[in-house]
file my_file-v9.txt (compact mmCIF, C-alpha atoms and all ligand atoms)
# COMPACT_ATOMS: atom_id res chain seq x y z
CA VAL A 1 -7.09 21.89 -9.21
CA LYS A 2 -4.93 18.98 -8.14
CA PRO A 3 -6.62 15.71 -7.15
CA THR A 4 -6.21 14.63 -3.55
CA ILE A 5 -3.81 11.72 -3.22
CA TYR A 6 -5.30 9.16 -0.82
CA ALA A 7 -2.56 6.81 0.37
CA ILE A 8 -3.82 3.68 2.13
CA THR A 9 -1.35 2.21 4.59
CA PRO A 10 -1.99 -1.00 6.53
CA THR A 11 0.24 -1.14 9.59
CA PHE A 12 0.78 -3.43 12.55
CA SER A 13 2.46 -3.20 15.93
CA ARG A 14 6.12 -4.26 16.04
CA PRO A 15 9.40 -2.75 17.26
CA VAL A 16 10.09 -0.90 13.98
CA GLN A 17 6.57 0.45 13.52
CA LYS A 18 7.16 4.02 14.69
CA ALA A 19 10.37 4.23 12.65
CA GLU A 20 8.56 3.06 9.52
CA LEU A 21 5.69 5.49 10.05
CA THR A 22 8.12 8.33 10.73
CA ARG A 23 10.00 7.71 7.48
CA LEU A 24 6.75 7.55 5.56
CA SER A 25 5.17 10.60 7.15
CA GLN A 26 8.22 12.74 6.48
CA THR A 27 8.09 11.82 2.80
CA PHE A 28 4.37 12.51 2.67
CA LEU A 29 4.79 15.93 4.30
CA HIS A 30 6.45 16.99 1.04
CA VAL A 31 3.28 16.20 -0.91
CA PRO A 32 0.58 18.87 -1.01
CA ASN A 33 -3.02 17.67 -1.47
CA PHE A 34 -2.20 14.48 0.44
CA HIS A 35 -4.58 12.50 2.67
CA TRP A 36 -3.16 9.53 4.56
CA ILE A 37 -5.48 6.66 5.45
CA VAL A 38 -3.73 4.60 8.09
CA VAL A 39 -5.40 1.32 8.98
CA GLU A 40 -4.08 -0.58 11.96
CA ASP A 41 -4.20 -4.35 11.91
CA ALA A 42 -5.75 -4.35 15.37
CA ALA A 43 -9.20 -4.55 16.94
CA THR A 44 -8.87 -0.99 18.22
CA LYS A 45 -6.63 1.97 17.49
CA THR A 46 -3.42 2.04 19.52
CA THR A 47 -2.17 4.98 21.55
CA LEU A 48 1.13 4.94 19.69
CA VAL A 49 -0.39 5.40 16.25
CA THR A 50 -3.09 7.80 17.51
CA ARG A 51 -0.51 10.14 19.04
CA PHE A 52 1.83 9.69 16.11
CA LEU A 53 -0.79 10.82 13.62
CA GLU A 54 -1.93 13.75 15.81
CA GLU A 55 1.63 15.06 15.82
CA SER A 56 2.40 14.22 12.19
CA GLY A 57 1.21 17.44 10.59
CA LEU A 58 -0.55 15.44 7.90
CA ILE A 59 -4.20 15.29 6.90
CA TYR A 60 -5.20 11.77 7.86
CA THR A 61 -7.90 9.26 8.64
CA HIS A 62 -7.14 6.68 11.31
CA LEU A 63 -8.93 3.33 11.18
CA ALA A 64 -8.53 -0.08 12.78
CA ALA A 65 -9.46 -3.40 11.16
CA ALA A 66 -8.01 -6.61 12.53
CA THR A 67 -7.09 -9.46 10.21
CA PRO A 68 -9.27 -12.45 11.20
CA PRO A 69 -6.93 -14.58 13.39
CA ASN A 70 -7.24 -17.99 11.84
CA TYR A 71 -8.27 -17.11 8.35
CA LYS A 72 -8.14 -20.35 6.45
CA LEU A 73 -8.09 -20.38 2.69
CA GLY A 74 -7.16 -23.19 0.33
CA ARG A 75 -5.81 -25.16 3.22
CA ASN A 76 -4.80 -27.97 0.89
CA ASP A 77 -2.79 -25.63 -1.26
CA PRO A 78 0.90 -25.93 -0.29
CA ASN A 79 1.66 -22.57 -1.89
CA TRP A 80 -0.91 -20.75 0.13
CA LYS A 81 0.43 -17.80 2.03
CA LYS A 82 -1.64 -15.69 4.38
CA PRO A 83 -2.54 -12.52 2.54
CA ARG A 84 -1.41 -9.33 4.25
CA GLY A 85 -3.30 -6.08 4.32
CA VAL A 86 -6.58 -7.37 2.86
CA GLU A 87 -8.80 -6.44 5.80
CA GLN A 88 -7.12 -3.07 6.23
CA ARG A 89 -7.19 -2.03 2.56
CA ASN A 90 -10.85 -3.03 2.30
CA ALA A 91 -11.69 -1.00 5.40
CA ALA A 92 -10.06 2.01 3.74
CA LEU A 93 -11.98 1.45 0.49
CA ARG A 94 -15.18 1.31 2.52
CA TRP A 95 -14.27 4.59 4.20
CA LEU A 96 -13.67 6.25 0.83
CA ARG A 97 -17.00 5.03 -0.50
CA GLU A 98 -18.88 6.17 2.58
CA ASN A 99 -17.27 9.55 2.90
CA LEU A 100 -16.52 10.88 -0.59
CA LYS A 101 -18.80 12.13 -3.33
CA PRO A 102 -18.67 11.47 -7.09
CA THR A 103 -17.58 15.06 -7.64
CA ASP A 104 -14.52 14.72 -5.36
CA ARG A 105 -11.33 14.45 -7.37
CA GLY A 106 -8.81 11.97 -6.05
CA VAL A 107 -6.31 9.23 -6.72
CA VAL A 108 -6.00 6.19 -4.48
CA PHE A 109 -2.65 4.51 -3.84
CA PHE A 110 -1.73 1.54 -1.64
CA ALA A 111 1.34 2.58 0.36
CA ASP A 112 2.73 -0.24 2.49
CA ASP A 113 4.56 1.05 5.55
CA ASP A 114 7.95 -0.44 4.74
CA ASN A 115 8.45 0.71 1.14
CA THR A 116 10.47 3.75 0.05
CA TYR A 117 8.70 6.49 -1.90
CA SER A 118 10.08 9.37 -3.95
CA ILE A 119 7.95 12.49 -3.85
CA LYS A 120 8.18 12.40 -7.66
CA LEU A 121 5.82 9.42 -7.60
CA PHE A 122 3.03 11.55 -6.18
CA HIS A 123 3.41 14.18 -8.90
CA GLU A 124 3.02 11.40 -11.47
CA MET A 125 -0.21 10.23 -9.84
CA GLU A 126 -1.89 13.57 -10.45
CA LYS A 127 -2.12 12.68 -14.17
CA ILE A 128 -4.20 9.54 -13.66
CA GLN A 129 -7.52 9.32 -15.47
CA ARG A 130 -8.23 5.64 -14.69
CA VAL A 131 -5.29 3.54 -13.48
CA GLY A 132 -1.67 4.65 -13.64
CA VAL A 133 1.23 2.18 -13.57
CA TRP A 134 5.01 2.53 -13.16
CA PRO A 135 8.14 0.53 -12.32
CA VAL A 136 8.82 -0.75 -8.78
CA GLY A 137 12.39 -1.35 -7.67
CA LEU A 138 13.63 -4.40 -5.76
CA VAL A 139 10.65 -6.70 -6.14
CA GLY A 140 9.69 -10.00 -7.73
CA GLY A 141 13.27 -11.22 -7.73
CA LEU A 142 14.35 -8.35 -9.97
CA MET A 143 16.10 -5.01 -9.63
CA VAL A 144 13.00 -3.56 -11.25
CA GLU A 145 9.60 -4.98 -12.12
CA LYS A 146 7.87 -2.81 -14.71
CA PRO A 147 5.22 -2.51 -17.34
CA MET A 148 6.71 -2.35 -20.82
CA CYS A 149 5.70 0.91 -22.44
CA ASP A 150 5.62 1.62 -26.17
CA ASN A 151 7.45 4.88 -26.86
CA VAL A 152 5.30 5.77 -29.84
CA THR A 153 1.82 5.01 -28.53
CA SER A 154 2.57 5.41 -24.79
CA LYS A 155 0.57 2.25 -24.14
CA VAL A 156 1.40 -0.71 -21.91
CA ILE A 157 2.38 -3.55 -24.25
CA GLY A 158 3.43 -6.08 -21.63
CA PHE A 159 5.20 -6.61 -18.33
CA ASN A 160 8.71 -7.80 -17.51
CA ALA A 161 7.62 -9.74 -14.41
CA VAL A 162 9.17 -13.17 -13.96
CA TRP A 163 7.41 -14.00 -10.69
CA LYS A 164 3.99 -15.43 -11.57
CA PRO A 165 4.03 -13.71 -14.99
CA ASP A 166 0.65 -15.19 -15.89
CA ARG A 167 -1.14 -12.95 -13.43
CA PRO A 168 -3.75 -10.76 -15.18
CA PHE A 169 -1.91 -7.70 -13.82
CA PRO A 170 1.65 -8.84 -12.96
CA LEU A 171 2.65 -5.87 -10.85
CA ASP A 172 3.23 -5.03 -7.20
CA MET A 173 0.82 -3.20 -4.89
CA ALA A 174 3.18 -0.20 -5.07
CA GLY A 175 3.11 -0.19 -8.87
CA PHE A 176 -0.24 1.43 -9.54
CA ALA A 177 -2.82 3.96 -8.37
CA ILE A 178 -6.51 4.29 -9.18
CA ASN A 179 -8.64 7.31 -9.94
CA LEU A 180 -11.11 7.71 -7.06
CA ARG A 181 -13.98 7.97 -9.55
CA LEU A 182 -13.44 4.36 -10.66
CA LEU A 183 -13.50 3.11 -7.09
CA LEU A 184 -16.74 4.98 -6.39
CA GLU A 185 -18.31 3.73 -9.63
CA ASN A 186 -17.23 0.13 -9.01
CA LYS A 187 -18.59 -0.02 -5.47
CA ASP A 188 -18.01 -3.73 -5.05
CA ALA A 189 -14.37 -3.85 -6.12
CA VAL A 190 -12.40 -5.07 -3.09
CA PHE A 191 -9.45 -7.22 -2.11
CA SER A 192 -10.18 -10.85 -1.33
CA TYR A 193 -8.86 -13.68 0.82
CA GLU A 194 -10.03 -16.12 -1.84
CA VAL A 195 -7.10 -15.59 -4.18
CA GLN A 196 -3.64 -17.11 -4.51
CA GLY A 197 -0.60 -15.30 -3.14
CA GLY A 198 0.45 -12.47 -5.43
CA TYR A 199 -2.98 -12.06 -6.99
CA GLN A 200 -4.33 -9.22 -4.81
CA GLU A 201 -3.28 -6.59 -7.33
CA SER A 202 -4.93 -8.53 -10.16
CA GLU A 203 -8.01 -9.06 -8.01
CA ILE A 204 -8.75 -5.38 -7.50
CA LEU A 205 -7.59 -4.19 -10.93
CA SER A 206 -9.52 -6.73 -12.98
CA GLN A 207 -12.70 -5.42 -11.34
CA ILE A 208 -12.14 -1.87 -12.53
CA VAL A 209 -9.87 -1.69 -15.59
CA THR A 210 -8.49 -3.61 -18.57
CA ARG A 211 -4.81 -4.01 -19.37
CA ASN A 212 -5.34 -1.92 -22.48
CA GLU A 213 -6.58 1.03 -20.43
CA LEU A 214 -3.52 1.24 -18.15
CA GLU A 215 -1.72 4.59 -18.19
CA PRO A 216 2.07 4.23 -18.06
CA LEU A 217 3.72 6.97 -15.99
CA ALA A 218 7.27 7.77 -14.85
CA ASP A 219 8.52 8.67 -18.36
CA CYS A 220 6.95 5.70 -20.14
CA CYS A 221 7.99 3.45 -17.23
CA THR A 222 11.69 4.29 -17.52
CA LYS A 223 12.06 5.76 -14.01
CA VAL A 224 11.93 4.13 -10.59
CA TYR A 225 10.18 6.28 -7.98
CA VAL A 226 9.24 3.55 -5.48
CA TRP A 227 11.18 0.65 -4.00
CA HIS A 228 9.82 -2.47 -2.36
CA THR A 229 12.24 -2.23 0.55
CA ARG A 230 11.83 -4.45 3.58
CA THR A 231 13.04 -3.66 7.05
CA GLU A 232 15.16 -6.20 8.89
CA PRO A 233 13.70 -7.04 12.31
CA PRO A 234 16.06 -5.61 14.97
CA GLN A 235 18.06 -7.84 17.28
CA LEU A 236 16.47 -7.41 20.70
CA ASN A 237 18.10 -10.34 22.49
CA VAL A 238 19.46 -8.16 25.29
CA GLU A 239 16.09 -6.48 25.66
CA GLN A 240 14.51 -9.92 26.13
CA LEU A 241 16.82 -10.52 29.10
CA LEU A 242 16.02 -7.10 30.54
CA ILE A 243 12.29 -7.77 30.21
CA LYS A 244 12.72 -10.96 32.27
CA LYS A 245 14.47 -8.93 34.95
CA GLY A 246 11.78 -6.27 34.83
CA LYS A 247 14.29 -3.70 33.62
CA ARG A 248 13.33 -3.03 30.03
CA SER A 249 15.11 -0.10 28.41
CA ASN A 250 11.98 1.71 27.24
CA VAL A 251 10.20 2.41 30.52
CA GLY A 252 8.50 5.78 30.15
CA ILE A 253 9.88 6.34 26.65
CA GLU A 254 8.11 5.48 23.43
CA VAL A 255 10.31 3.97 20.72
N1 LIG B 1 0.71 -5.79 7.53
C1 LIG B 1 -0.35 -5.82 8.43
N2 LIG B 1 -0.50 -6.92 9.24
C2 LIG B 1 0.37 -7.98 9.21
C3 LIG B 1 1.43 -7.95 8.28
C4 LIG B 1 1.57 -6.84 7.46
O1 LIG B 1 -1.12 -4.88 8.50
O2 LIG B 1 0.18 -8.95 9.96
C5 LIG B 1 0.88 -4.61 6.68
C6 LIG B 1 2.32 -4.08 6.63
O3 LIG B 1 2.53 -3.15 7.69
C7 LIG B 1 2.40 -3.47 5.25
C8 LIG B 1 1.43 -4.34 4.44
O4 LIG B 1 0.56 -4.99 5.36
O5 LIG B 1 1.96 -2.13 5.24
C9 LIG B 1 2.15 -5.39 3.61
O6 LIG B 1 2.92 -6.22 4.46
P1 LIG B 1 4.45 -6.56 4.17
O7 LIG B 1 5.21 -5.29 3.93
O8 LIG B 1 4.95 -7.45 5.23
O9 LIG B 1 4.31 -7.36 2.80
P2 LIG B 1 5.39 -7.69 1.69
O10 LIG B 1 6.53 -6.74 1.84
O11 LIG B 1 5.77 -9.10 1.94
O12 LIG B 1 4.66 -7.50 0.40
MN MN B 2 6.62 -4.83 2.48
call {"tool": "encode", "arguments": {"input": "my_file-v9.txt", "output": "structure tokens"}}
result
Amino acid sequence: VKPTIYAITPTFSRPVQKAELTRLSQTFLHVPNFHWIVVEDAATKTTLVTRFLEESGLIYTHLAAATPPNYKLGRNDPNWKKPRGVEQRNAALRWLRENLKPTDRGVVFFADDDNTYSIKLFHEMEKIQRVGVWPVGLVGGLMVEKPMCDNVTSKVIGFNAVWKPDRPFPLDMAGFAINLRLLLENKDAVFSYEVQGGYQESEILSQIVTRNELEPLADCCTKVYVWHTRTEPPQLNVEQLLIKKGKRSNVGIEV
């Protein structure tokens, strides 16, 4: 029996949101045993996302958890950057812990709404006993950021990251997935606002696994099945003028 893949996606309202969610959902439709946990960064669920999910054909859970507006952390730290997705990912973890049983078999993955996913990635995840790791394309200033995998032992022997390489787990949010069992056993493992930028992955992973226990996937980390793509904000300068004239282009049509 295949484990259910729970993909946790924080998302927020912006012009490209429906396009991003459409691209994602149509990848996920190719994955059997898939359960999408979509968490809006909003006080309440929006009509757009509600309708979108209803029509998606996917098994899903729809949550809303707004990022606290003026979350201040390390305000004297010049390198501080507002963490994204913390509130939403934690809300999803809470949902998993409240709704699933220790006997449920699953794998939990953090799927940001702007990345690009190969369906091959989800087949890899089915093998995960604790925490699986794999390369991520186009991130950390590199073509590919990846764990280094020993061919003989199939163990992770290091990481090629050059951006903040001293992180306990120097990998991107898209570069790992966690067996549901570990998240249920480690009930208190969550993301935190109290960490430096780039340390969210290390924050959650160091609460549930050691580097030595990581399971390299994607052919000993030689294949890229996920890319940290980012979507350019569209030019809507003409639309701005139309809005002022009360003649916006999208009256009665959802974009
Ligand atoms: N996100 C969010 N609220 C925000 C900004 C981002 O919920 O105010 C979501 C976003 O939709 C994505 C995730 O958090 O799923 C990570 O954000 P982003 O892709 O901007 O991060 P980066 O690409 O810089 O890692
Ligand atoms: Mn992103």
call {"tool": "residues_near_ligand", "arguments": {"input": "my_file-v9.txt", "ligand": "ligand MN 2 (chain B)", "cutoff": "10 Å", "atoms": "all atoms listed in the file", "output": "ChimeraX atom specification"}}
result
/A:84,111-116,139,173-174,227-231
call {"tool": "write_last_selection", "arguments": {"input": "my_file-v9.txt", "atoms": "C-alpha atoms", "output": "tab-separated table (two decimals), keeping the file's coordinate frame"}}
result
chain	number	residue	atom	x	y	z
A	84	ARG	CA	-1.41	-9.33	4.25
A	111	ALA	CA	1.34	2.58	0.36
A	112	ASP	CA	2.73	-0.24	2.49
A	113	ASP	CA	4.56	1.05	5.55
A	114	ASP	CA	7.95	-0.44	4.74
A	115	ASN	CA	8.45	0.71	1.14
A	116	THR	CA	10.47	3.75	0.05
A	139	VAL	CA	10.65	-6.70	-6.14
A	173	MET	CA	0.82	-3.20	-4.89
A	174	ALA	CA	3.18	-0.20	-5.07
A	227	TRP	CA	11.18	0.65	-4.00
A	228	HIS	CA	9.82	-2.47	-2.36
A	229	THR	CA	12.24	-2.23	0.55
A	230	ARG	CA	11.83	-4.45	3.58
A	231	THR	CA	13.04	-3.66	7.05
call {"tool": "residues_near_ligand", "arguments": {"input": "my_file-v9.txt", "ligand": "ligand LIG 1 (chain B)", "cutoff": "10 Å", "atoms": "all atoms listed in the file", "output": "MDAnalysis selection string"}}
result
chainID A and resid 8:14 17 20:21 38:42 64:67 69 82:89 110:115 139:140 172:174 198 228:231
call {"tool": "residues_around", "arguments": {"input": "my_file-v9.txt", "residues": "Leu182 of chain A", "least_positions_apart": "5", "cutoff": "9 Å", "atoms": "all atoms listed in the file", "output": "JSON, numbers by chain"}}
result
{"A": [130, 131, 187, 208, 209]}
call {"tool": "atom_distance", "arguments": {"input": "my_file-v9.txt", "atom1": "atom CA of Tyr199 of chain A", "atom2": "atom CA of Leu184 of chain A"}}
result
21.9 Å
call {"tool": "closest_residue", "arguments": {"input": "my_file-v9.txt", "among": "A:Leu205, A:Leu241, A:Leu183, A:Val107", "to": "Lys127 of chain A", "atoms": "only C-alpha atoms"}}
result
A:Val107
call {"tool": "atom_distance", "arguments": {"input": "my_file-v9.txt", "atom1": "atom CA of Gly132 of chain A", "atom2": "atom CA of Lys155 of chain A"}}
result
11.0 Å
call {"tool": "atom_distance", "arguments": {"input": "my_file-v9.txt", "atom1": "atom CA of Val162 of chain A", "atom2": "atom CA of Lys146 of chain A"}}
result
10.5 Å
call {"tool": "residues_around", "arguments": {"input": "my_file-v9.txt", "residues": "Glu126 of chain A", "least_positions_apart": "5", "cutoff": "8 Å", "atoms": "all atoms listed in the file", "output": "VMD selection string"}}
result
chain A and resid 2 to 3 5 107
call {"tool": "write_last_selection", "arguments": {"input": "my_file-v9.txt", "atoms": "C-alpha atoms", "output": "short mmCIF file (atom, residue, chain, number, x, y, z; two decimals), in the frame of the given file"}}
result
data_model
loop_
_atom_site.label_atom_id
_atom_site.label_comp_id
_atom_site.auth_asym_id
_atom_site.auth_seq_id
_atom_site.Cartn_x
_atom_site.Cartn_y
_atom_site.Cartn_z
CA LYS A 2 -4.93 18.98 -8.14
CA PRO A 3 -6.62 15.71 -7.15
CA ILE A 5 -3.81 11.72 -3.22
CA VAL A 107 -6.31 9.23 -6.72
#
call {"tool": "closest_residue", "arguments": {"input": "my_file-v9.txt", "among": "A:Val190, A:Arg181, A:Leu58, A:Gly252", "to": "Lys101 of chain A", "atoms": "all atoms listed in the file"}}
result
A:Arg181
call {"tool": "build_atoms", "arguments": {"input": "my_file-v9.txt", "residues": "segment 148-159 of chain A", "atoms": "all heavy atoms", "output": "mmCIF file, in the coordinates of the input"}}
result
data_model
loop_
_atom_site.group_PDB
_atom_site.id
_atom_site.type_symbol
_atom_site.label_atom_id
_atom_site.label_comp_id
_atom_site.auth_asym_id
_atom_site.auth_seq_id
_atom_site.Cartn_x
_atom_site.Cartn_y
_atom_site.Cartn_z
ATOM 1 N N MET A 148 5.967 -2.755 -19.640
ATOM 2 C CA MET A 148 6.710 -2.350 -20.820
ATOM 3 C C MET A 148 5.853 -1.354 -21.584
ATOM 4 O O MET A 148 4.689 -1.602 -21.851
ATOM 5 C CB MET A 148 7.079 -3.568 -21.663
ATOM 6 C CG MET A 148 8.191 -4.326 -20.954
ATOM 7 S SD MET A 148 8.646 -5.944 -21.532
ATOM 8 C CE MET A 148 7.218 -6.600 -22.225
ATOM 9 N N CYS A 149 6.449 -0.213 -21.875
ATOM 10 C CA CYS A 149 5.700 0.910 -22.440
ATOM 11 C C CYS A 149 6.195 1.189 -23.853
ATOM 12 O O CYS A 149 7.397 1.293 -24.077
ATOM 13 C CB CYS A 149 5.910 2.121 -21.532
ATOM 14 S SG CYS A 149 5.182 3.648 -22.146
ATOM 15 N N ASP A 150 5.271 1.294 -24.776
ATOM 16 C CA ASP A 150 5.620 1.620 -26.170
ATOM 17 C C ASP A 150 5.877 3.127 -26.285
ATOM 18 O O ASP A 150 5.009 3.928 -25.958
ATOM 19 C CB ASP A 150 4.479 1.188 -27.098
ATOM 20 C CG ASP A 150 4.834 1.383 -28.551
ATOM 21 O OD1 ASP A 150 4.733 2.529 -29.048
ATOM 22 O OD2 ASP A 150 5.236 0.397 -29.185
ATOM 23 N N ASN A 151 7.058 3.465 -26.755
ATOM 24 C CA ASN A 151 7.450 4.880 -26.860
ATOM 25 C C ASN A 151 6.527 5.685 -27.753
ATOM 26 O O ASN A 151 6.264 6.853 -27.491
ATOM 27 C CB ASN A 151 8.856 4.990 -27.445
ATOM 28 C CG ASN A 151 9.895 4.693 -26.408
ATOM 29 O OD1 ASN A 151 9.753 5.075 -25.253
ATOM 30 N ND2 ASN A 151 10.938 3.987 -26.796
ATOM 31 N N VAL A 152 6.076 5.046 -28.829
ATOM 32 C CA VAL A 152 5.300 5.770 -29.840
ATOM 33 C C VAL A 152 3.864 5.989 -29.369
ATOM 34 O O VAL A 152 3.349 7.104 -29.394
ATOM 35 C CB VAL A 152 5.321 5.012 -31.190
ATOM 36 C CG1 VAL A 152 4.461 5.747 -32.225
ATOM 37 C CG2 VAL A 152 6.750 4.843 -31.675
ATOM 38 N N THR A 153 3.240 4.909 -28.893
ATOM 39 C CA THR A 153 1.820 5.010 -28.530
ATOM 40 C C THR A 153 1.619 5.352 -27.055
ATOM 41 O O THR A 153 0.509 5.675 -26.637
ATOM 42 C CB THR A 153 1.105 3.669 -28.803
ATOM 43 O OG1 THR A 153 1.730 2.655 -27.989
ATOM 44 C CG2 THR A 153 1.216 3.279 -30.262
ATOM 45 N N SER A 154 2.695 5.251 -26.241
ATOM 46 C CA SER A 154 2.570 5.410 -24.790
ATOM 47 C C SER A 154 1.499 4.490 -24.210
ATOM 48 O O SER A 154 0.712 4.890 -23.359
ATOM 49 C CB SER A 154 2.266 6.864 -24.415
ATOM 50 O OG SER A 154 3.419 7.632 -24.567
ATOM 51 N N LYS A 155 1.491 3.251 -24.690
ATOM 52 C CA LYS A 155 0.570 2.250 -24.140
ATOM 53 C C LYS A 155 1.396 1.144 -23.474
ATOM 54 O O LYS A 155 2.553 0.903 -23.839
ATOM 55 C CB LYS A 155 -0.259 1.609 -25.267
ATOM 56 C CG LYS A 155 -1.172 2.572 -26.000
ATOM 57 C CD LYS A 155 -2.371 2.988 -25.181
ATOM 58 C CE LYS A 155 -3.503 1.951 -25.254
ATOM 59 N NZ LYS A 155 -4.683 2.416 -24.490
ATOM 60 N N VAL A 156 0.758 0.459 -22.513
ATOM 61 C CA VAL A 156 1.400 -0.710 -21.910
ATOM 62 C C VAL A 156 1.271 -1.882 -22.870
ATOM 63 O O VAL A 156 0.160 -2.253 -23.253
ATOM 64 C CB VAL A 156 0.760 -1.055 -20.544
ATOM 65 C CG1 VAL A 156 1.341 -2.356 -19.999
ATOM 66 C CG2 VAL A 156 0.975 0.085 -19.556
ATOM 67 N N ILE A 157 2.415 -2.443 -23.282
ATOM 68 C CA ILE A 157 2.380 -3.550 -24.250
ATOM 69 C C ILE A 157 2.818 -4.863 -23.620
ATOM 70 O O ILE A 157 2.902 -5.881 -24.300
ATOM 71 C CB ILE A 157 3.257 -3.232 -25.487
ATOM 72 C CG1 ILE A 157 4.660 -2.799 -25.042
ATOM 73 C CG2 ILE A 157 2.604 -2.146 -26.349
ATOM 74 C CD1 ILE A 157 5.648 -2.674 -26.192
ATOM 75 N N GLY A 158 3.052 -4.849 -22.309
ATOM 76 C CA GLY A 158 3.430 -6.080 -21.630
ATOM 77 C C GLY A 158 4.048 -5.749 -20.284
ATOM 78 O O GLY A 158 4.011 -4.600 -19.842
ATOM 79 N N PHE A 159 4.580 -6.776 -19.640
ATOM 80 C CA PHE A 159 5.200 -6.610 -18.330
ATOM 81 C C PHE A 159 6.479 -7.443 -18.309
ATOM 82 O O PHE A 159 6.544 -8.481 -18.965
ATOM 83 C CB PHE A 159 4.258 -7.104 -17.224
ATOM 84 C CG PHE A 159 2.978 -6.322 -17.139
ATOM 85 C CD1 PHE A 159 1.891 -6.637 -17.948
ATOM 86 C CD2 PHE A 159 2.856 -5.260 -16.257
ATOM 87 C CE1 PHE A 159 0.712 -5.915 -17.876
ATOM 88 C CE2 PHE A 159 1.677 -4.538 -16.175
ATOM 89 C CZ PHE A 159 0.598 -4.868 -16.981
#
